[in-house]
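File shown: model-v7.pdb. Contents: PDB, C-alpha atoms, pLDDT in the B column.
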ATOM      1  CA  MET A  98       0.000   0.000   0.000  1.00 71.00           C
ATOM      2  CA  GLY A  99       1.308   3.400  -0.870  1.00 78.00           C
ATOM      3  CA  LYS A 100       0.950   7.005   0.109  1.00 82.00           C
ATOM      4  CA  MET A 101      -1.995   7.593  -2.234  1.00 85.00           C
ATOM      5  CA  THR A 102      -3.863   4.618  -0.772  1.00 88.00           C
ATOM      6  CA  TRP A 103      -3.473   6.036   2.726  1.00 88.00           C
ATOM      7  CA  LYS A 104      -4.568   9.505   1.632  1.00 89.00           C
ATOM      8  CA  ILE A 105      -7.747   8.087   0.099  1.00 90.00           C
ATOM      9  CA  LEU A 106      -8.426   5.710   3.001  1.00 89.00           C
ATOM     10  CA  GLY A 107      -7.640   8.182   5.794  1.00 91.00           C
ATOM     11  CA  THR A 108      -9.349  11.178   4.232  1.00 92.00           C
ATOM     12  CA  GLY A 109     -12.381   9.185   3.129  1.00 94.00           C
ATOM     13  CA  ALA A 110     -12.867   7.667   6.574  1.00 94.00           C
ATOM     14  CA  ALA A 111     -12.560  11.051   8.288  1.00 94.00           C
ATOM     15  CA  ALA A 112     -14.936  12.768   5.856  1.00 94.00           C
ATOM     16  CA  LEU A 113     -17.549  10.035   6.125  1.00 95.00           C
ATOM     17  CA  ALA A 114     -17.289  10.087   9.928  1.00 96.00           C
ATOM     18  CA  ALA A 115     -17.803  13.871   9.958  1.00 95.00           C
ATOM     19  CA  VAL A 116     -20.952  13.600   7.826  1.00 95.00           C
ATOM     20  CA  VAL A 117     -22.386  10.801   9.956  1.00 95.00           C
ATOM     21  CA  ALA A 118     -21.584  12.628  13.212  1.00 95.00           C
ATOM     22  CA  THR A 119     -23.250  15.813  11.949  1.00 91.00           C
ATOM     23  CA  LYS A 120     -26.381  13.866  10.991  1.00 93.00           C
ATOM     24  CA  ILE A 121     -26.475  12.233  14.422  1.00 94.00           C
ATOM     25  CA  VAL A 122     -26.056  15.567  16.227  1.00 91.00           C
ATOM     26  CA  ASP A 123     -28.786  17.130  14.092  1.00 89.00           C
ATOM     27  CA  THR A 124     -31.132  14.229  14.890  1.00 90.00           C
ATOM     28  CA  ILE A 125     -30.435  14.477  18.617  1.00 90.00           C
ATOM     29  CA  TRP A 126     -30.778  18.273  18.493  1.00 87.00           C
ATOM     30  CA  ARG A 127     -34.165  17.917  16.762  1.00 86.00           C
ATOM     31  CA  SER A 128     -35.381  15.210  19.184  1.00 89.00           C
ATOM     32  CA  ALA A 129     -34.466  17.486  22.095  1.00 86.00           C
ATOM     33  CA  GLY A 130     -37.000  19.972  20.729  1.00 83.00           C
ATOM     34  CA  GLN A 131     -34.468  22.454  19.385  1.00 79.00           C
ATOM     35  CA  ASP A 132     -34.795  24.447  16.161  1.00 74.00           C
ATOM     36  CA  THR A 133     -33.695  22.273  13.235  1.00 69.00           C
ATOM     37  CA  THR A 134     -32.922  25.272  11.018  1.00 75.00           C
ATOM     38  CA  LEU A 135     -30.394  26.694  13.458  1.00 81.00           C
ATOM     39  CA  ASP A 136     -27.554  28.558  11.764  1.00 84.00           C
ATOM     40  CA  PRO A 137     -24.936  29.351  14.428  1.00 86.00           C
ATOM     41  CA  LYS A 138     -23.453  32.087  12.193  1.00 89.00           C
ATOM     42  CA  ASN A 139     -26.743  33.987  12.069  1.00 90.00           C
ATOM     43  CA  PRO A 140     -26.615  36.978  14.490  1.00 91.00           C
ATOM     44  CA  GLU A 141     -30.377  36.633  15.135  1.00 91.00           C
ATOM     45  CA  VAL A 142     -29.856  33.224  16.774  1.00 88.00           C
ATOM     46  CA  PRO A 143     -29.299  33.551  20.541  1.00 90.00           C
ATOM     47  CA  LEU A 144     -25.588  33.301  21.313  1.00 92.00           C
ATOM     48  CA  ALA A 145     -26.011  30.598  23.984  1.00 90.00           C
ATOM     49  CA  LYS A 146     -27.937  28.368  21.563  1.00 89.00           C
ATOM     50  CA  ALA A 147     -25.416  28.942  18.760  1.00 89.00           C
ATOM     51  CA  LEU A 148     -22.462  28.150  21.037  1.00 92.00           C
ATOM     52  CA  SER A 149     -24.186  25.070  22.466  1.00 90.00           C
ATOM     53  CA  TYR A 150     -24.876  23.650  19.020  1.00 90.00           C
ATOM     54  CA  THR A 151     -21.356  24.474  17.828  1.00 91.00           C
ATOM     55  CA  ALA A 152     -19.725  22.891  20.878  1.00 94.00           C
ATOM     56  CA  VAL A 153     -21.770  19.688  20.652  1.00 92.00           C
ATOM     57  CA  SER A 154     -21.336  19.283  16.903  1.00 92.00           C
ATOM     58  CA  GLY A 155     -17.627  20.178  17.027  1.00 95.00           C
ATOM     59  CA  LEU A 156     -16.964  17.633  19.754  1.00 96.00           C
ATOM     60  CA  ALA A 157     -18.936  14.937  17.939  1.00 96.00           C
ATOM     61  CA  VAL A 158     -17.259  15.575  14.578  1.00 96.00           C
ATOM     62  CA  GLY A 159     -13.777  15.740  16.106  1.00 96.00           C
ATOM     63  CA  ALA A 160     -14.255  12.521  18.043  1.00 96.00           C
ATOM     64  CA  ALA A 161     -15.747  10.708  15.044  1.00 96.00           C
ATOM     65  CA  ARG A 162     -12.906  11.813  12.755  1.00 95.00           C
ATOM     66  CA  THR A 163     -10.291  10.707  15.276  1.00 95.00           C
ATOM     67  CA  LEU A 164     -11.899   7.302  15.757  1.00 95.00           C
ATOM     68  CA  ALA A 165     -12.359   6.775  12.016  1.00 95.00           C
ATOM     69  CA  THR A 166      -8.767   7.763  11.238  1.00 93.00           C
ATOM     70  CA  ARG A 167      -7.471   5.411  13.934  1.00 93.00           C
ATOM     71  CA  LYS A 168      -9.560   2.543  12.559  1.00 94.00           C
ATOM     72  CA  ALA A 169      -8.378   3.304   9.015  1.00 93.00           C
ATOM     73  CA  ALA A 170      -4.754   3.341  10.196  1.00 92.00           C
ATOM     74  CA  ALA A 171      -5.240   0.018  11.997  1.00 92.00           C
ATOM     75  CA  TYR A 172      -6.720  -1.478   8.822  1.00 92.00           C
ATOM     76  CA  TYR A 173      -3.823  -0.075   6.780  1.00 91.00           C
ATOM     77  CA  GLN A 174      -1.316  -1.495   9.262  1.00 91.00           C
ATOM     78  CA  GLN A 175      -2.990  -4.911   9.193  1.00 91.00           C
ATOM     79  CA  SER A 176      -3.050  -4.927   5.380  1.00 89.00           C
ATOM     80  CA  ALA A 177       0.379  -3.439   4.656  1.00 88.00           C
ATOM     81  CA  GLY A 178       2.294  -4.630   7.704  1.00 89.00           C
ATOM     82  CA  HIS A 179       3.195  -1.102   8.821  1.00 88.00           C
ATOM     83  CA  LEU A 180       1.578   2.206   9.668  1.00 88.00           C
ATOM     84  CA  PRO A 181       1.212   4.875   6.988  1.00 88.00           C
ATOM     85  CA  ALA A 182       4.416   6.907   6.552  1.00 84.00           C
ATOM     86  CA  GLU A 183       2.777   9.997   8.078  1.00 82.00           C
ATOM     87  CA  MET A 184       2.217   8.098  11.337  1.00 84.00           C
ATOM     88  CA  ARG A 185       5.478   6.198  11.713  1.00 79.00           C
ATOM     89  CA  LYS A 186       7.866   7.334  14.404  1.00 75.00           C
ATOM     90  CA  ASP A 187      11.424   6.402  15.168  1.00 57.00           C
ATOM     91  CA  ALA A 188      11.279   4.191  18.256  1.00 52.00           C
ATOM     92  CA  THR A 189      14.384   5.781  19.812  1.00 57.00           C
ATOM     93  CA  THR A 190      13.660   9.484  19.296  1.00 64.00           C
ATOM     94  CA  GLY A 191       9.877   9.568  19.099  1.00 66.00           C
ATOM     95  CA  LYS A 192      10.163  11.814  16.037  1.00 71.00           C
ATOM     96  CA  LYS A 193       8.388  11.107  12.786  1.00 66.00           C
ATOM     97  CA  ASP A 194      10.353   8.884  10.438  1.00 61.00           C
ATOM     98  CA  LYS A 195      11.313  11.134   7.499  1.00 58.00           C
ATOM     99  CA  LYS A 196      12.686   8.327   5.364  1.00 55.00           C
ATOM    100  CA  GLY A 197       9.466   6.323   5.275  1.00 51.00           C
ATOM    101  CA  ALA A 198      11.319   3.249   6.557  1.00 50.00           C
ATOM    102  CA  LYS A 199       9.368   0.762   8.600  1.00 48.00           C
ATOM    103  CA  ALA A 200       9.591   1.534  12.282  1.00 43.00           C
TER     104      ALA A 200
END

So that I can check it, write out the structure of this file as structure tokens.
Amino acid sequence: MGKMTWKILGTGAAALAAVVATKIVDTIWRSAGQDTTLDPKNPEVPLAKALSYTAVSGLAVGAARTLATRKAAAYYQQSAGHLPAEMRKDATTGKKDKKGAKA
């Protein structure tokens, strides 16, 4: 597996996770009786409501992207026998491996 494979796999997993997380937050927001047309950037929306929605959706999207990227990296590692080059670190220094050699 190469660099392009990881870019597609990692980016695709993160993007899909972000979409799914946003849909879930919107569904929960709606079921809690909140306005489904809320636009946090609109100055007519109360600030507390805009910040609440932004905080909840930001946390959900960030967590989903992190989990999806970790799962994609684990799949890549299982398939290729090593982590993607962007994630490999030198075991002695803890710094990212610039050469792309297996760590």

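What separates CA of His179 in chain A from CA of Thr163 in chain A is a distance of 19.1 Å.
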
Show which residues sit within 10 Å of Pro137 in chain A, as number ranges by chain. Count all atoms listed in the file, and ignore same-chain residues fewer than 3 positions away.
A: 134, 140-151

Of the candidates A:Ala160, A:Lys168, A:Ala152, A:Tyr173, which shows the shortest atom-to-atom distance to Val117 in chain A, using all atoms listed in the file?
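Using all atoms listed in the file, the shortest distance to Val117 in chain A belongs to A:Ala160.
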
Nearest-residue call for Val122 in chain A, choices A:Thr108, A:Met98, A:Arg185, A:Ser154, using all atoms listed in the file
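Result for the nearest residue to Val122 in chain A: A:Ser154.
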
Between CA of Arg162 in chain A and CA of Leu106 in chain A, what is the distance, to one decimal in Å?
12.3 Å

Here's a test: counting all atoms listed in the file, identify every protein, DNA and RNA residue with an atom at most 12 Å from (-15.9, 12.2, 7.4) in the file's coordinate frame, and state them as a count of residues only.
27

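Here CA of Gln174 in chain A stands at a distance of 18.8 Å from CA of Lys192 in chain A.
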
Could you tell me which of A:Ala182, A:Ala177, A:Val153, A:Ala171 comes closest to Ile121 in chain A if we count all atoms listed in the file?
A:Val153

Padding 4 Å on every side, please: axis-aligned box over the listed atoms of range 105-108 of chain A, centre and edge lengths to one decimal in Å, as lines of an AutoDock Vina configuration file.
center_x = -8.5
center_y = 8.4
center_z = 2.9
size_x = 9.7
size_y = 13.5
size_z = 13.7

Could I see range 131-143 of chain A restored to N, CA and C atoms, set down as a PDB file, keeping the file's coordinate frame?
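Okay, this is what ended up in result26.pdb:
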ATOM      1  N   GLN A 131     -35.150  21.228  19.814  1.00 79.00           N
ATOM      2  CA  GLN A 131     -34.468  22.454  19.385  1.00 79.00           C
ATOM      3  C   GLN A 131     -34.786  22.759  17.922  1.00 79.00           C
ATOM      4  N   ASP A 132     -34.535  23.986  17.526  1.00 74.00           N
ATOM      5  CA  ASP A 132     -34.795  24.447  16.161  1.00 74.00           C
ATOM      6  C   ASP A 132     -33.885  23.711  15.179  1.00 74.00           C
ATOM      7  N   THR A 133     -34.480  23.054  14.196  1.00 69.00           N
ATOM      8  CA  THR A 133     -33.695  22.273  13.235  1.00 69.00           C
ATOM      9  C   THR A 133     -33.065  23.140  12.160  1.00 69.00           C
ATOM     10  N   THR A 134     -33.489  24.384  12.041  1.00 75.00           N
ATOM     11  CA  THR A 134     -32.922  25.272  11.018  1.00 75.00           C
ATOM     12  C   THR A 134     -31.882  26.216  11.615  1.00 75.00           C
ATOM     13  N   LEU A 135     -31.357  25.850  12.758  1.00 81.00           N
ATOM     14  CA  LEU A 135     -30.394  26.694  13.458  1.00 81.00           C
ATOM     15  C   LEU A 135     -29.140  26.925  12.615  1.00 81.00           C
ATOM     16  N   ASP A 136     -28.799  28.189  12.433  1.00 84.00           N
ATOM     17  CA  ASP A 136     -27.554  28.558  11.764  1.00 84.00           C
ATOM     18  C   ASP A 136     -26.726  29.329  12.791  1.00 84.00           C
ATOM     19  N   PRO A 137     -25.694  28.693  13.361  1.00 86.00           N
ATOM     20  CA  PRO A 137     -24.936  29.351  14.428  1.00 86.00           C
ATOM     21  C   PRO A 137     -24.257  30.651  13.990  1.00 86.00           C
ATOM     22  N   LYS A 138     -24.095  30.861  12.687  1.00 89.00           N
ATOM     23  CA  LYS A 138     -23.453  32.087  12.193  1.00 89.00           C
ATOM     24  C   LYS A 138     -24.427  33.259  12.093  1.00 89.00           C
ATOM     25  N   ASN A 139     -25.717  32.960  12.186  1.00 90.00           N
ATOM     26  CA  ASN A 139     -26.743  33.987  12.069  1.00 90.00           C
ATOM     27  C   ASN A 139     -26.790  34.818  13.356  1.00 90.00           C
ATOM     28  N   PRO A 140     -26.615  36.145  13.273  1.00 91.00           N
ATOM     29  CA  PRO A 140     -26.615  36.978  14.490  1.00 91.00           C
ATOM     30  C   PRO A 140     -27.975  37.057  15.178  1.00 91.00           C
ATOM     31  N   GLU A 141     -29.051  36.613  14.507  1.00 91.00           N
ATOM     32  CA  GLU A 141     -30.377  36.633  15.135  1.00 91.00           C
ATOM     33  C   GLU A 141     -30.610  35.412  16.031  1.00 91.00           C
ATOM     34  N   VAL A 142     -29.766  34.406  15.910  1.00 88.00           N
ATOM     35  CA  VAL A 142     -29.856  33.224  16.774  1.00 88.00           C
ATOM     36  C   VAL A 142     -29.229  33.582  18.118  1.00 88.00           C
ATOM     37  N   PRO A 143     -29.887  33.249  19.224  1.00 90.00           N
ATOM     38  CA  PRO A 143     -29.299  33.551  20.541  1.00 90.00           C
ATOM     39  C   PRO A 143     -27.892  32.939  20.673  1.00 90.00           C
TER      40      PRO A 143
END
